[in-house]
Amino acid sequence: MIEPDLEKYAEDHTSDEDNLLYDLNRKTNLRTTLPRMISGKIQGKFLELISKIANPRIILEIGSFTGYSALCLAKGLAEDGILYTIESNVELEKIILDHISKSENESKIKLIMGNALDIIPKIDETIDIVFIDANKKEYLSYYNLVLPKLSKGGLIIADNVLWSGKVTDQNPDTDTKSLLEFNTHIKNDKRVEQVMLSIRDGLLFIRKL
């Protein structure tokens, strides 16, 4: 969403990835067809710092991809905290588990394979942070499922809400229409307050009142 030179400048002035995240970033670029889906250094560090500030007990991630954002978010968990991360693509399971197993937070990260719409209702926990980064057509459904489970003051962070700038297109495609509906719903939902950030592909940062 910004010029490559500015993106590079921002990366240069962001704390470096640890070795595990660097390795996962590299392998994601080598082994997957859509490596740009990874959170990456800047967004990953942002998620890590938000988690460290909030010190959550329960985090729910909807859409693991290769596990980069889960590893970042887990760094801020409370001592007895748990991060549940949901992924539907079975081809990614091995790379996710391989890197979780090398993390100092291995025991705190629980990968659940399957459809998030089926899994979320079965999570009987009060959640402190939710990170949404899965099927764009289902964003509003994910939101409606997790909001009742979210603690007061809890956070929801939704990725890709600017969708490569397509949210301003005159003739939006199906995914863009779903994101526009989601963004508008959040804007008008009096149960939350929010700020939309232009980090990478757009993050909608939501706090439950």
# chains A, B, ... in the order shown; residues from 1 in each chain; ligands from 1
call {"tool": "residues_around", "arguments": {"residues": "A:Ala116", "least_positions_apart": "5", "cutoff": "10 Å", "atoms": "only C-alpha atoms", "output": "list in words"}}
result
Glu61, Ile62, Gly63, Thr85, Ile86, Glu87, Ser88, Pro121, Lys122, Ala134, Asn135, Glu138, Ser141, Tyr142 and Leu145 of chain A
call {"tool": "residues_around", "arguments": {"residues": "A:Leu209", "least_positions_apart": "4", "cutoff": "8 Å", "atoms": "only C-alpha atoms", "output": "mmCIF file with N, CA, C and O atoms, in the first residue's frame"}}
result
data_model
loop_
_atom_site.group_PDB
_atom_site.id
_atom_site.type_symbol
_atom_site.label_atom_id
_atom_site.label_comp_id
_atom_site.auth_asym_id
_atom_site.auth_seq_id
_atom_site.Cartn_x
_atom_site.Cartn_y
_atom_site.Cartn_z
ATOM 1 N N LYS A 152 -14.569 -7.927 27.880
ATOM 2 C CA LYS A 152 -14.747 -6.476 27.824
ATOM 3 C C LYS A 152 -13.375 -5.825 27.682
ATOM 4 O O LYS A 152 -12.441 -6.136 28.422
ATOM 5 N N GLY A 153 -13.245 -4.953 26.714
ATOM 6 C CA GLY A 153 -11.940 -4.360 26.434
ATOM 7 C C GLY A 153 -11.076 -5.233 25.551
ATOM 8 O O GLY A 153 -9.950 -4.850 25.206
ATOM 9 N N ARG A 191 -21.240 -1.430 19.767
ATOM 10 C CA ARG A 191 -20.656 -2.251 20.832
ATOM 11 C C ARG A 191 -19.141 -2.178 20.847
ATOM 12 O O ARG A 191 -18.495 -2.684 21.777
ATOM 13 N N VAL A 192 -18.562 -1.543 19.822
ATOM 14 C CA VAL A 192 -17.103 -1.510 19.695
ATOM 15 C C VAL A 192 -16.638 -0.117 19.282
ATOM 16 O O VAL A 192 -17.425 0.723 18.837
ATOM 17 N N GLU A 193 -15.330 0.096 19.448
ATOM 18 C CA GLU A 193 -14.677 1.255 18.850
ATOM 19 C C GLU A 193 -13.551 0.726 17.978
ATOM 20 O O GLU A 193 -13.041 -0.380 18.226
#
call {"tool": "select_by_dssp", "arguments": {"residues": "stretch 81-174 of chain A", "states": "helix (DSSP H, G or I)", "output": "number ranges by chain"}}
result
A: 90-100, 106-108, 116-122, 136-149, 163-168, 174
call {"tool": "select_by_dssp", "arguments": {"residues": "stretch 50-132 of chain A", "states": "strand (DSSP E or B)", "output": "PDB file with C-alpha atoms, in the first residue's frame"}}
result
ATOM      1  CA  ILE A  58      -6.577 -16.471  25.492  1.00  0.00           C
ATOM      2  CA  ILE A  59      -5.865 -15.586  21.857  1.00  0.00           C
ATOM      3  CA  LEU A  60      -7.833 -16.919  18.893  1.00  0.00           C
ATOM      4  CA  GLU A  61      -6.334 -16.745  15.428  1.00  0.00           C
ATOM      5  CA  ILE A  62      -8.609 -17.455  12.468  1.00  0.00           C
ATOM      6  CA  ILE A  82      -3.146 -20.314  25.269  1.00  0.00           C
ATOM      7  CA  LEU A  83      -3.311 -19.360  21.606  1.00  0.00           C
ATOM      8  CA  TYR A  84      -5.752 -21.309  19.441  1.00  0.00           C
ATOM      9  CA  THR A  85      -4.964 -21.041  15.737  1.00  0.00           C
ATOM     10  CA  ILE A  86      -7.346 -22.412  13.111  1.00  0.00           C
ATOM     11  CA  GLU A  87      -6.295 -23.451   9.595  1.00  0.00           C
ATOM     12  CA  ILE A 109       0.031 -22.758  20.827  1.00  0.00           C
ATOM     13  CA  LYS A 110      -2.747 -25.156  19.831  1.00  0.00           C
ATOM     14  CA  LEU A 111      -3.274 -25.727  16.102  1.00  0.00           C
ATOM     15  CA  ILE A 112      -6.797 -26.773  15.123  1.00  0.00           C
ATOM     16  CA  MET A 113      -7.309 -27.969  11.548  1.00  0.00           C
ATOM     17  CA  ILE A 127     -11.102 -14.605  24.503  1.00  0.00           C
ATOM     18  CA  ASP A 128      -8.876 -11.551  24.905  1.00  0.00           C
ATOM     19  CA  ILE A 129      -7.482 -11.110  21.378  1.00  0.00           C
ATOM     20  CA  VAL A 130      -8.822 -12.355  18.044  1.00  0.00           C
ATOM     21  CA  PHE A 131      -6.829 -12.108  14.818  1.00  0.00           C
ATOM     22  CA  ILE A 132      -8.930 -12.616  11.681  1.00  0.00           C
TER      23      ILE A 132
END
call {"tool": "residues_around", "arguments": {"residues": "A:Ile96", "least_positions_apart": "3", "cutoff": "8 Å", "atoms": "only C-alpha atoms", "output": "number ranges by chain"}}
result
A: 64-67, 92-93, 99-100
call {"tool": "closest_residue", "arguments": {"among": "A:Leu203, A:Ile2, A:Leu147, A:Leu162", "to": "A:Asp189", "atoms": "only C-alpha atoms"}}
result
A:Leu147
call {"tool": "closest_residue", "arguments": {"among": "A:Leu34, A:Leu77, A:Gly114, A:Glu104", "to": "A:Val90", "atoms": "only C-alpha atoms"}}
result
A:Gly114
call {"tool": "residues_around", "arguments": {"residues": "stretch 69-76 of chain A", "least_positions_apart": "3", "cutoff": "6 Å", "atoms": "only C-alpha atoms", "output": "mmCIF file with N, CA, C and O atoms, in the first residue's frame"}}
result
data_model
loop_
_atom_site.group_PDB
_atom_site.id
_atom_site.type_symbol
_atom_site.label_atom_id
_atom_site.label_comp_id
_atom_site.auth_asym_id
_atom_site.auth_seq_id
_atom_site.Cartn_x
_atom_site.Cartn_y
_atom_site.Cartn_z
ATOM 1 N N SER A 39 2.282 -12.615 7.411
ATOM 2 C CA SER A 39 2.236 -11.298 8.063
ATOM 3 C C SER A 39 3.512 -10.512 7.826
ATOM 4 O O SER A 39 3.483 -9.308 7.580
ATOM 5 N N GLY A 44 4.081 -8.468 11.730
ATOM 6 C CA GLY A 44 4.347 -9.440 12.788
ATOM 7 C C GLY A 44 4.817 -8.782 14.069
ATOM 8 O O GLY A 44 4.355 -9.120 15.162
ATOM 9 N N LEU A 47 1.842 -7.053 15.745
ATOM 10 C CA LEU A 47 1.004 -8.004 16.471
ATOM 11 C C LEU A 47 1.687 -8.441 17.771
ATOM 12 O O LEU A 47 1.044 -8.573 18.817
ATOM 13 N N GLU A 48 2.978 -8.669 17.693
ATOM 14 C CA GLU A 48 3.726 -9.065 18.896
ATOM 15 C C GLU A 48 3.646 -7.997 19.979
ATOM 16 O O GLU A 48 3.384 -8.299 21.156
ATOM 17 N N SER A 51 0.219 -7.748 21.574
ATOM 18 C CA SER A 51 0.028 -8.866 22.492
ATOM 19 C C SER A 51 0.808 -8.664 23.789
ATOM 20 O O SER A 51 0.301 -8.938 24.882
ATOM 21 N N LYS A 52 2.018 -8.169 23.685
ATOM 22 C CA LYS A 52 2.824 -7.925 24.887
ATOM 23 C C LYS A 52 2.197 -6.837 25.763
ATOM 24 O O LYS A 52 2.250 -6.907 26.992
ATOM 25 N N ASN A 55 -1.040 -8.557 27.205
ATOM 26 C CA ASN A 55 -0.744 -9.727 28.036
ATOM 27 C C ASN A 55 -1.973 -10.645 28.179
ATOM 28 O O ASN A 55 -2.445 -10.944 29.274
#
call {"tool": "residues_around", "arguments": {"residues": "A:Thr126", "least_positions_apart": "3", "cutoff": "6 Å", "atoms": "only C-alpha atoms", "output": "PDB file with N, CA and C atoms, in the first residue's frame"}}
result
ATOM      1  N   LYS A 149     -17.907 -13.913  22.708  1.00  0.00           N
ATOM      2  CA  LYS A 149     -16.905 -14.614  23.505  1.00  0.00           C
ATOM      3  C   LYS A 149     -15.765 -13.693  23.945  1.00  0.00           C
ATOM      4  N   LEU A 150     -15.735 -12.475  23.415  1.00  0.00           N
ATOM      5  CA  LEU A 150     -14.637 -11.557  23.675  1.00  0.00           C
ATOM      6  C   LEU A 150     -14.811 -10.864  25.020  1.00  0.00           C
ATOM      7  N   SER A 151     -13.721 -10.754  25.762  1.00  0.00           N
ATOM      8  CA  SER A 151     -13.753 -10.064  27.049  1.00  0.00           C
ATOM      9  C   SER A 151     -14.030  -8.575  26.847  1.00  0.00           C
TER      10      SER A 151
END
call {"tool": "residues_around", "arguments": {"residues": "A:Gly40", "least_positions_apart": "3", "cutoff": "9 Å", "atoms": "only C-alpha atoms", "output": "PyMOL selection string"}}
result
chain A and resi 17+21+25+36-37+43-45+68-69
call {"tool": "write_last_selection", "arguments": {"atoms": "all heavy atoms", "output": "PDB file, in the first residue's frame"}}
result
ATOM      1  N   GLU A  17      13.399  -9.724  12.998  1.00  0.00           N
ATOM      2  CA  GLU A  17      12.783 -11.010  13.314  1.00  0.00           C
ATOM      3  C   GLU A  17      13.784 -11.858  14.091  1.00  0.00           C
ATOM      4  O   GLU A  17      14.999 -11.755  13.881  1.00  0.00           O
ATOM      5  CB  GLU A  17      12.434 -11.770  12.029  1.00  0.00           C
ATOM      6  CG  GLU A  17      11.503 -11.058  11.087  1.00  0.00           C
ATOM      7  CD  GLU A  17      11.526 -11.674   9.699  1.00  0.00           C
ATOM      8  OE1 GLU A  17      12.613 -11.702   9.083  1.00  0.00           O
ATOM      9  OE2 GLU A  17      10.465 -12.107   9.226  1.00  0.00           O
ATOM     10  N   LEU A  21      11.448 -16.883  13.197  1.00  0.00           N
ATOM     11  CA  LEU A  21      10.573 -16.155  12.288  1.00  0.00           C
ATOM     12  C   LEU A  21      11.258 -15.912  10.944  1.00  0.00           C
ATOM     13  O   LEU A  21      10.624 -16.012   9.880  1.00  0.00           O
ATOM     14  CB  LEU A  21      10.149 -14.827  12.905  1.00  0.00           C
ATOM     15  CG  LEU A  21       9.196 -14.915  14.098  1.00  0.00           C
ATOM     16  CD1 LEU A  21       9.009 -13.543  14.736  1.00  0.00           C
ATOM     17  CD2 LEU A  21       7.845 -15.488  13.679  1.00  0.00           C
ATOM     18  N   ASN A  25       9.770 -17.229   7.488  1.00  0.00           N
ATOM     19  CA  ASN A  25       9.536 -16.276   6.402  1.00  0.00           C
ATOM     20  C   ASN A  25      10.193 -16.772   5.114  1.00  0.00           C
ATOM     21  O   ASN A  25       9.577 -16.787   4.036  1.00  0.00           O
ATOM     22  CB  ASN A  25      10.094 -14.907   6.790  1.00  0.00           C
ATOM     23  CG  ASN A  25       9.462 -13.767   6.005  1.00  0.00           C
ATOM     24  OD1 ASN A  25       8.880 -13.962   4.950  1.00  0.00           O
ATOM     25  ND2 ASN A  25       9.594 -12.562   6.530  1.00  0.00           N
ATOM     26  N   ARG A  36       2.979 -13.872  -0.132  1.00  0.00           N
ATOM     27  CA  ARG A  36       2.612 -12.531   0.351  1.00  0.00           C
ATOM     28  C   ARG A  36       1.529 -12.578   1.420  1.00  0.00           C
ATOM     29  O   ARG A  36       1.255 -11.577   2.084  1.00  0.00           O
ATOM     30  CB  ARG A  36       2.151 -11.655  -0.813  1.00  0.00           C
ATOM     31  CG  ARG A  36       0.927 -12.163  -1.534  1.00  0.00           C
ATOM     32  CD  ARG A  36       0.637 -11.320  -2.783  1.00  0.00           C
ATOM     33  NE  ARG A  36      -0.485 -11.839  -3.546  1.00  0.00           N
ATOM     34  CZ  ARG A  36      -1.751 -11.597  -3.290  1.00  0.00           C
ATOM     35  NH1 ARG A  36      -2.071 -10.831  -2.252  1.00  0.00           N
ATOM     36  NH2 ARG A  36      -2.706 -12.093  -4.041  1.00  0.00           N
ATOM     37  N   MET A  37       0.912 -13.770   1.609  1.00  0.00           N
ATOM     38  CA  MET A  37      -0.115 -13.909   2.648  1.00  0.00           C
ATOM     39  C   MET A  37       0.486 -13.909   4.053  1.00  0.00           C
ATOM     40  O   MET A  37      -0.230 -13.755   5.038  1.00  0.00           O
ATOM     41  CB  MET A  37      -0.916 -15.200   2.426  1.00  0.00           C
ATOM     42  CG  MET A  37      -1.829 -15.152   1.219  1.00  0.00           C
ATOM     43  SD  MET A  37      -2.608 -16.749   0.859  1.00  0.00           S
ATOM     44  CE  MET A  37      -3.519 -17.034   2.389  1.00  0.00           C
ATOM     45  N   GLN A  43       4.241  -6.199  10.161  1.00  0.00           N
ATOM     46  CA  GLN A  43       2.966  -6.564  10.756  1.00  0.00           C
ATOM     47  C   GLN A  43       3.152  -7.551  11.900  1.00  0.00           C
ATOM     48  O   GLN A  43       2.466  -7.479  12.923  1.00  0.00           O
ATOM     49  CB  GLN A  43       2.030  -7.154   9.699  1.00  0.00           C
ATOM     50  CG  GLN A  43       0.643  -7.469  10.237  1.00  0.00           C
ATOM     51  CD  GLN A  43      -0.323  -7.837   9.122  1.00  0.00           C
ATOM     52  OE1 GLN A  43      -0.586  -7.027   8.234  1.00  0.00           O
ATOM     53  NE2 GLN A  43      -0.835  -9.049   9.155  1.00  0.00           N
ATOM     54  N   GLY A  44       4.081  -8.468  11.730  1.00  0.00           N
ATOM     55  CA  GLY A  44       4.347  -9.440  12.788  1.00  0.00           C
ATOM     56  C   GLY A  44       4.817  -8.782  14.069  1.00  0.00           C
ATOM     57  O   GLY A  44       4.355  -9.120  15.162  1.00  0.00           O
ATOM     58  N   LYS A  45       5.705  -7.815  13.945  1.00  0.00           N
ATOM     59  CA  LYS A  45       6.187  -7.099  15.135  1.00  0.00           C
ATOM     60  C   LYS A  45       5.067  -6.267  15.753  1.00  0.00           C
ATOM     61  O   LYS A  45       4.960  -6.178  16.987  1.00  0.00           O
ATOM     62  CB  LYS A  45       7.374  -6.207  14.773  1.00  0.00           C
ATOM     63  CG  LYS A  45       7.950  -5.402  15.932  1.00  0.00           C
ATOM     64  CD  LYS A  45       8.375  -6.285  17.104  1.00  0.00           C
ATOM     65  CE  LYS A  45       9.586  -7.134  16.795  1.00  0.00           C
ATOM     66  NZ  LYS A  45      10.116  -7.830  18.004  1.00  0.00           N
ATOM     67  N   TYR A  68       3.274 -17.810  11.053  1.00  0.00           N
ATOM     68  CA  TYR A  68       4.111 -16.668  11.427  1.00  0.00           C
ATOM     69  C   TYR A  68       3.419 -15.772  12.451  1.00  0.00           C
ATOM     70  O   TYR A  68       3.993 -15.440  13.495  1.00  0.00           O
ATOM     71  CB  TYR A  68       4.461 -15.873  10.170  1.00  0.00           C
ATOM     72  CG  TYR A  68       5.508 -14.803  10.338  1.00  0.00           C
ATOM     73  CD1 TYR A  68       6.830 -15.039   9.960  1.00  0.00           C
ATOM     74  CD2 TYR A  68       5.188 -13.549  10.847  1.00  0.00           C
ATOM     75  CE1 TYR A  68       7.793 -14.040  10.088  1.00  0.00           C
ATOM     76  CE2 TYR A  68       6.139 -12.553  10.981  1.00  0.00           C
ATOM     77  CZ  TYR A  68       7.449 -12.801  10.605  1.00  0.00           C
ATOM     78  OH  TYR A  68       8.403 -11.816  10.745  1.00  0.00           O
ATOM     79  N   SER A  69       2.184 -15.373  12.163  1.00  0.00           N
ATOM     80  CA  SER A  69       1.484 -14.456  13.066  1.00  0.00           C
ATOM     81  C   SER A  69       1.189 -15.115  14.411  1.00  0.00           C
ATOM     82  O   SER A  69       1.206 -14.452  15.456  1.00  0.00           O
ATOM     83  CB  SER A  69       0.196 -13.940  12.426  1.00  0.00           C
ATOM     84  OG  SER A  69      -0.580 -14.995  11.901  1.00  0.00           O
TER      85      SER A  69
END
call {"tool": "residues_around", "arguments": {"residues": "stretch 166-182 of chain A", "least_positions_apart": "2", "cutoff": "6 Å", "atoms": "only C-alpha atoms", "output": "MDAnalysis selection string"}}
result
chainID A and resid 136:137 140 162:164 184:185
call {"tool": "write_last_selection", "arguments": {"atoms": "N, CA, C and O atoms", "output": "PDB file, in the first residue's frame"}}
result
ATOM      1  N   LYS A 136     -12.184 -14.231   3.194  1.00  0.00           N
ATOM      2  CA  LYS A 136     -12.705 -12.858   3.249  1.00  0.00           C
ATOM      3  C   LYS A 136     -14.233 -12.825   3.210  1.00  0.00           C
ATOM      4  O   LYS A 136     -14.851 -11.931   3.793  1.00  0.00           O
ATOM      5  N   LYS A 137     -14.817 -13.785   2.532  1.00  0.00           N
ATOM      6  CA  LYS A 137     -16.288 -13.822   2.435  1.00  0.00           C
ATOM      7  C   LYS A 137     -16.940 -14.120   3.784  1.00  0.00           C
ATOM      8  O   LYS A 137     -18.134 -13.870   3.971  1.00  0.00           O
ATOM      9  N   LEU A 140     -17.497 -11.323   8.317  1.00  0.00           N
ATOM     10  CA  LEU A 140     -18.604 -10.877   9.170  1.00  0.00           C
ATOM     11  C   LEU A 140     -19.139 -12.031  10.011  1.00  0.00           C
ATOM     12  O   LEU A 140     -19.493 -11.836  11.186  1.00  0.00           O
ATOM     13  N   LEU A 162      -8.129  -3.393   3.493  1.00  0.00           N
ATOM     14  CA  LEU A 162      -8.018  -2.469   2.361  1.00  0.00           C
ATOM     15  C   LEU A 162      -7.913  -3.224   1.032  1.00  0.00           C
ATOM     16  O   LEU A 162      -8.125  -2.636  -0.027  1.00  0.00           O
ATOM     17  N   TRP A 163      -7.577  -4.486   1.116  1.00  0.00           N
ATOM     18  CA  TRP A 163      -7.637  -5.429  -0.019  1.00  0.00           C
ATOM     19  C   TRP A 163      -6.978  -4.860  -1.279  1.00  0.00           C
ATOM     20  O   TRP A 163      -7.590  -4.732  -2.334  1.00  0.00           O
ATOM     21  N   SER A 164      -5.693  -4.520  -1.125  1.00  0.00           N
ATOM     22  CA  SER A 164      -4.894  -3.962  -2.230  1.00  0.00           C
ATOM     23  C   SER A 164      -5.535  -2.721  -2.848  1.00  0.00           C
ATOM     24  O   SER A 164      -5.370  -2.444  -4.041  1.00  0.00           O
ATOM     25  N   THR A 184     -18.130  -1.766   6.911  1.00  0.00           N
ATOM     26  CA  THR A 184     -19.278  -0.909   7.211  1.00  0.00           C
ATOM     27  C   THR A 184     -19.987  -1.367   8.474  1.00  0.00           C
ATOM     28  O   THR A 184     -20.417  -0.535   9.295  1.00  0.00           O
ATOM     29  N   HIS A 185     -20.110  -2.676   8.640  1.00  0.00           N
ATOM     30  CA  HIS A 185     -20.764  -3.211   9.842  1.00  0.00           C
ATOM     31  C   HIS A 185     -20.008  -2.773  11.099  1.00  0.00           C
ATOM     32  O   HIS A 185     -20.629  -2.339  12.080  1.00  0.00           O
TER      33      HIS A 185
END
call {"tool": "closest_residue", "arguments": {"among": "A:Val146, A:Ile119, A:Val161, A:Leu155", "to": "A:Ile53", "atoms": "only C-alpha atoms"}}
result
A:Leu155
call {"tool": "atom_distance", "arguments": {"atom1": "atom CA of A:Lys190", "atom2": "atom CA of A:Gly154"}}
result
14.8 Å
call {"tool": "closest_residue", "arguments": {"among": "A:Ile120, A:Lys187, A:Lys208, A:Gly202", "to": "A:Asp159", "atoms": "only C-alpha atoms"}}
result
A:Gly202
call {"tool": "closest_residue", "arguments": {"among": "A:Asn19, A:Asn188, A:Ser198, A:Thr14", "to": "A:Ser103", "atoms": "only C-alpha atoms"}}
result
A:Asn19
call {"tool": "decode", "arguments": {"residues": "stretch 128-151 of chain A", "atoms": "N, CA, C and O atoms", "output": "PDB file, in the first residue's frame"}}
result
ATOM      1  N   ASP A 128      -9.390 -12.903  24.700  1.00  0.00           N
ATOM      2  CA  ASP A 128      -8.876 -11.551  24.905  1.00  0.00           C
ATOM      3  C   ASP A 128      -8.444 -10.867  23.617  1.00  0.00           C
ATOM      4  O   ASP A 128      -8.562  -9.651  23.475  1.00  0.00           O
ATOM      5  N   ILE A 129      -7.879 -11.639  22.683  1.00  0.00           N
ATOM      6  CA  ILE A 129      -7.482 -11.110  21.378  1.00  0.00           C
ATOM      7  C   ILE A 129      -7.914 -12.096  20.301  1.00  0.00           C
ATOM      8  O   ILE A 129      -7.700 -13.308  20.434  1.00  0.00           O
ATOM      9  N   VAL A 130      -8.501 -11.559  19.231  1.00  0.00           N
ATOM     10  CA  VAL A 130      -8.822 -12.355  18.044  1.00  0.00           C
ATOM     11  C   VAL A 130      -8.108 -11.732  16.854  1.00  0.00           C
ATOM     12  O   VAL A 130      -8.161 -10.515  16.653  1.00  0.00           O
ATOM     13  N   PHE A 131      -7.435 -12.564  16.064  1.00  0.00           N
ATOM     14  CA  PHE A 131      -6.829 -12.108  14.818  1.00  0.00           C
ATOM     15  C   PHE A 131      -7.521 -12.830  13.678  1.00  0.00           C
ATOM     16  O   PHE A 131      -7.506 -14.055  13.607  1.00  0.00           O
ATOM     17  N   ILE A 132      -8.169 -12.060  12.798  1.00  0.00           N
ATOM     18  CA  ILE A 132      -8.930 -12.616  11.681  1.00  0.00           C
ATOM     19  C   ILE A 132      -8.144 -12.435  10.391  1.00  0.00           C
ATOM     20  O   ILE A 132      -7.858 -11.305   9.969  1.00  0.00           O
ATOM     21  N   ASP A 133      -7.800 -13.559   9.758  1.00  0.00           N
ATOM     22  CA  ASP A 133      -7.037 -13.508   8.507  1.00  0.00           C
ATOM     23  C   ASP A 133      -7.314 -14.777   7.709  1.00  0.00           C
ATOM     24  O   ASP A 133      -6.403 -15.544   7.409  1.00  0.00           O
ATOM     25  N   ALA A 134      -8.582 -15.004   7.379  1.00  0.00           N
ATOM     26  CA  ALA A 134      -8.961 -16.220   6.665  1.00  0.00           C
ATOM     27  C   ALA A 134      -9.859 -15.848   5.486  1.00  0.00           C
ATOM     28  O   ALA A 134      -9.630 -14.844   4.826  1.00  0.00           O
ATOM     29  N   ASN A 135     -10.872 -16.651   5.218  1.00  0.00           N
ATOM     30  CA  ASN A 135     -11.767 -16.456   4.080  1.00  0.00           C
ATOM     31  C   ASN A 135     -12.456 -15.092   4.162  1.00  0.00           C
ATOM     32  O   ASN A 135     -13.228 -14.837   5.087  1.00  0.00           O
ATOM     33  N   LYS A 136     -12.184 -14.231   3.194  1.00  0.00           N
ATOM     34  CA  LYS A 136     -12.705 -12.858   3.249  1.00  0.00           C
ATOM     35  C   LYS A 136     -14.233 -12.825   3.210  1.00  0.00           C
ATOM     36  O   LYS A 136     -14.851 -11.931   3.793  1.00  0.00           O
ATOM     37  N   LYS A 137     -14.817 -13.785   2.532  1.00  0.00           N
ATOM     38  CA  LYS A 137     -16.288 -13.822   2.435  1.00  0.00           C
ATOM     39  C   LYS A 137     -16.940 -14.120   3.784  1.00  0.00           C
ATOM     40  O   LYS A 137     -18.134 -13.870   3.971  1.00  0.00           O
ATOM     41  N   GLU A 138     -16.157 -14.656   4.728  1.00  0.00           N
ATOM     42  CA  GLU A 138     -16.708 -15.063   6.022  1.00  0.00           C
ATOM     43  C   GLU A 138     -16.325 -14.122   7.156  1.00  0.00           C
ATOM     44  O   GLU A 138     -16.611 -14.401   8.311  1.00  0.00           O
ATOM     45  N   TYR A 139     -15.698 -12.990   6.863  1.00  0.00           N
ATOM     46  CA  TYR A 139     -15.239 -12.093   7.932  1.00  0.00           C
ATOM     47  C   TYR A 139     -16.370 -11.695   8.877  1.00  0.00           C
ATOM     48  O   TYR A 139     -16.217 -11.701  10.100  1.00  0.00           O
ATOM     49  N   LEU A 140     -17.497 -11.323   8.317  1.00  0.00           N
ATOM     50  CA  LEU A 140     -18.604 -10.877   9.170  1.00  0.00           C
ATOM     51  C   LEU A 140     -19.139 -12.031  10.011  1.00  0.00           C
ATOM     52  O   LEU A 140     -19.493 -11.836  11.186  1.00  0.00           O
ATOM     53  N   SER A 141     -19.173 -13.233   9.440  1.00  0.00           N
ATOM     54  CA  SER A 141     -19.607 -14.408  10.201  1.00  0.00           C
ATOM     55  C   SER A 141     -18.637 -14.701  11.343  1.00  0.00           C
ATOM     56  O   SER A 141     -19.062 -15.002  12.464  1.00  0.00           O
ATOM     57  N   TYR A 142     -17.328 -14.621  11.072  1.00  0.00           N
ATOM     58  CA  TYR A 142     -16.339 -14.816  12.142  1.00  0.00           C
ATOM     59  C   TYR A 142     -16.565 -13.798  13.260  1.00  0.00           C
ATOM     60  O   TYR A 142     -16.568 -14.135  14.450  1.00  0.00           O
ATOM     61  N   TYR A 143     -16.735 -12.544  12.866  1.00  0.00           N
ATOM     62  CA  TYR A 143     -16.924 -11.458  13.840  1.00  0.00           C
ATOM     63  C   TYR A 143     -18.137 -11.717  14.726  1.00  0.00           C
ATOM     64  O   TYR A 143     -18.064 -11.583  15.959  1.00  0.00           O
ATOM     65  N   ASN A 144     -19.241 -12.089  14.110  1.00  0.00           N
ATOM     66  CA  ASN A 144     -20.469 -12.333  14.876  1.00  0.00           C
ATOM     67  C   ASN A 144     -20.334 -13.518  15.822  1.00  0.00           C
ATOM     68  O   ASN A 144     -20.968 -13.546  16.886  1.00  0.00           O
ATOM     69  N   LEU A 145     -19.496 -14.488  15.469  1.00  0.00           N
ATOM     70  CA  LEU A 145     -19.273 -15.638  16.338  1.00  0.00           C
ATOM     71  C   LEU A 145     -18.357 -15.306  17.518  1.00  0.00           C
ATOM     72  O   LEU A 145     -18.556 -15.794  18.627  1.00  0.00           O
ATOM     73  N   VAL A 146     -17.347 -14.471  17.273  1.00  0.00           N
ATOM     74  CA  VAL A 146     -16.349 -14.240  18.327  1.00  0.00           C
ATOM     75  C   VAL A 146     -16.714 -13.105  19.271  1.00  0.00           C
ATOM     76  O   VAL A 146     -16.295 -13.116  20.434  1.00  0.00           O
ATOM     77  N   LEU A 147     -17.485 -12.115  18.802  1.00  0.00           N
ATOM     78  CA  LEU A 147     -17.747 -10.951  19.656  1.00  0.00           C
ATOM     79  C   LEU A 147     -18.386 -11.331  20.993  1.00  0.00           C
ATOM     80  O   LEU A 147     -17.967 -10.803  22.046  1.00  0.00           O
ATOM     81  N   PRO A 148     -19.375 -12.246  21.037  1.00  0.00           N
ATOM     82  CA  PRO A 148     -19.948 -12.619  22.342  1.00  0.00           C
ATOM     83  C   PRO A 148     -18.941 -13.317  23.264  1.00  0.00           C
ATOM     84  O   PRO A 148     -19.121 -13.307  24.483  1.00  0.00           O
ATOM     85  N   LYS A 149     -17.907 -13.913  22.708  1.00  0.00           N
ATOM     86  CA  LYS A 149     -16.905 -14.614  23.505  1.00  0.00           C
ATOM     87  C   LYS A 149     -15.765 -13.693  23.945  1.00  0.00           C
ATOM     88  O   LYS A 149     -14.907 -14.097  24.742  1.00  0.00           O
ATOM     89  N   LEU A 150     -15.735 -12.475  23.415  1.00  0.00           N
ATOM     90  CA  LEU A 150     -14.637 -11.557  23.675  1.00  0.00           C
ATOM     91  C   LEU A 150     -14.811 -10.864  25.020  1.00  0.00           C
ATOM     92  O   LEU A 150     -15.909 -10.446  25.382  1.00  0.00           O
ATOM     93  N   SER A 151     -13.721 -10.754  25.762  1.00  0.00           N
ATOM     94  CA  SER A 151     -13.753 -10.064  27.049  1.00  0.00           C
ATOM     95  C   SER A 151     -14.030  -8.575  26.847  1.00  0.00           C
ATOM     96  O   SER A 151     -13.764  -8.011  25.785  1.00  0.00           O
TER      97      SER A 151
END
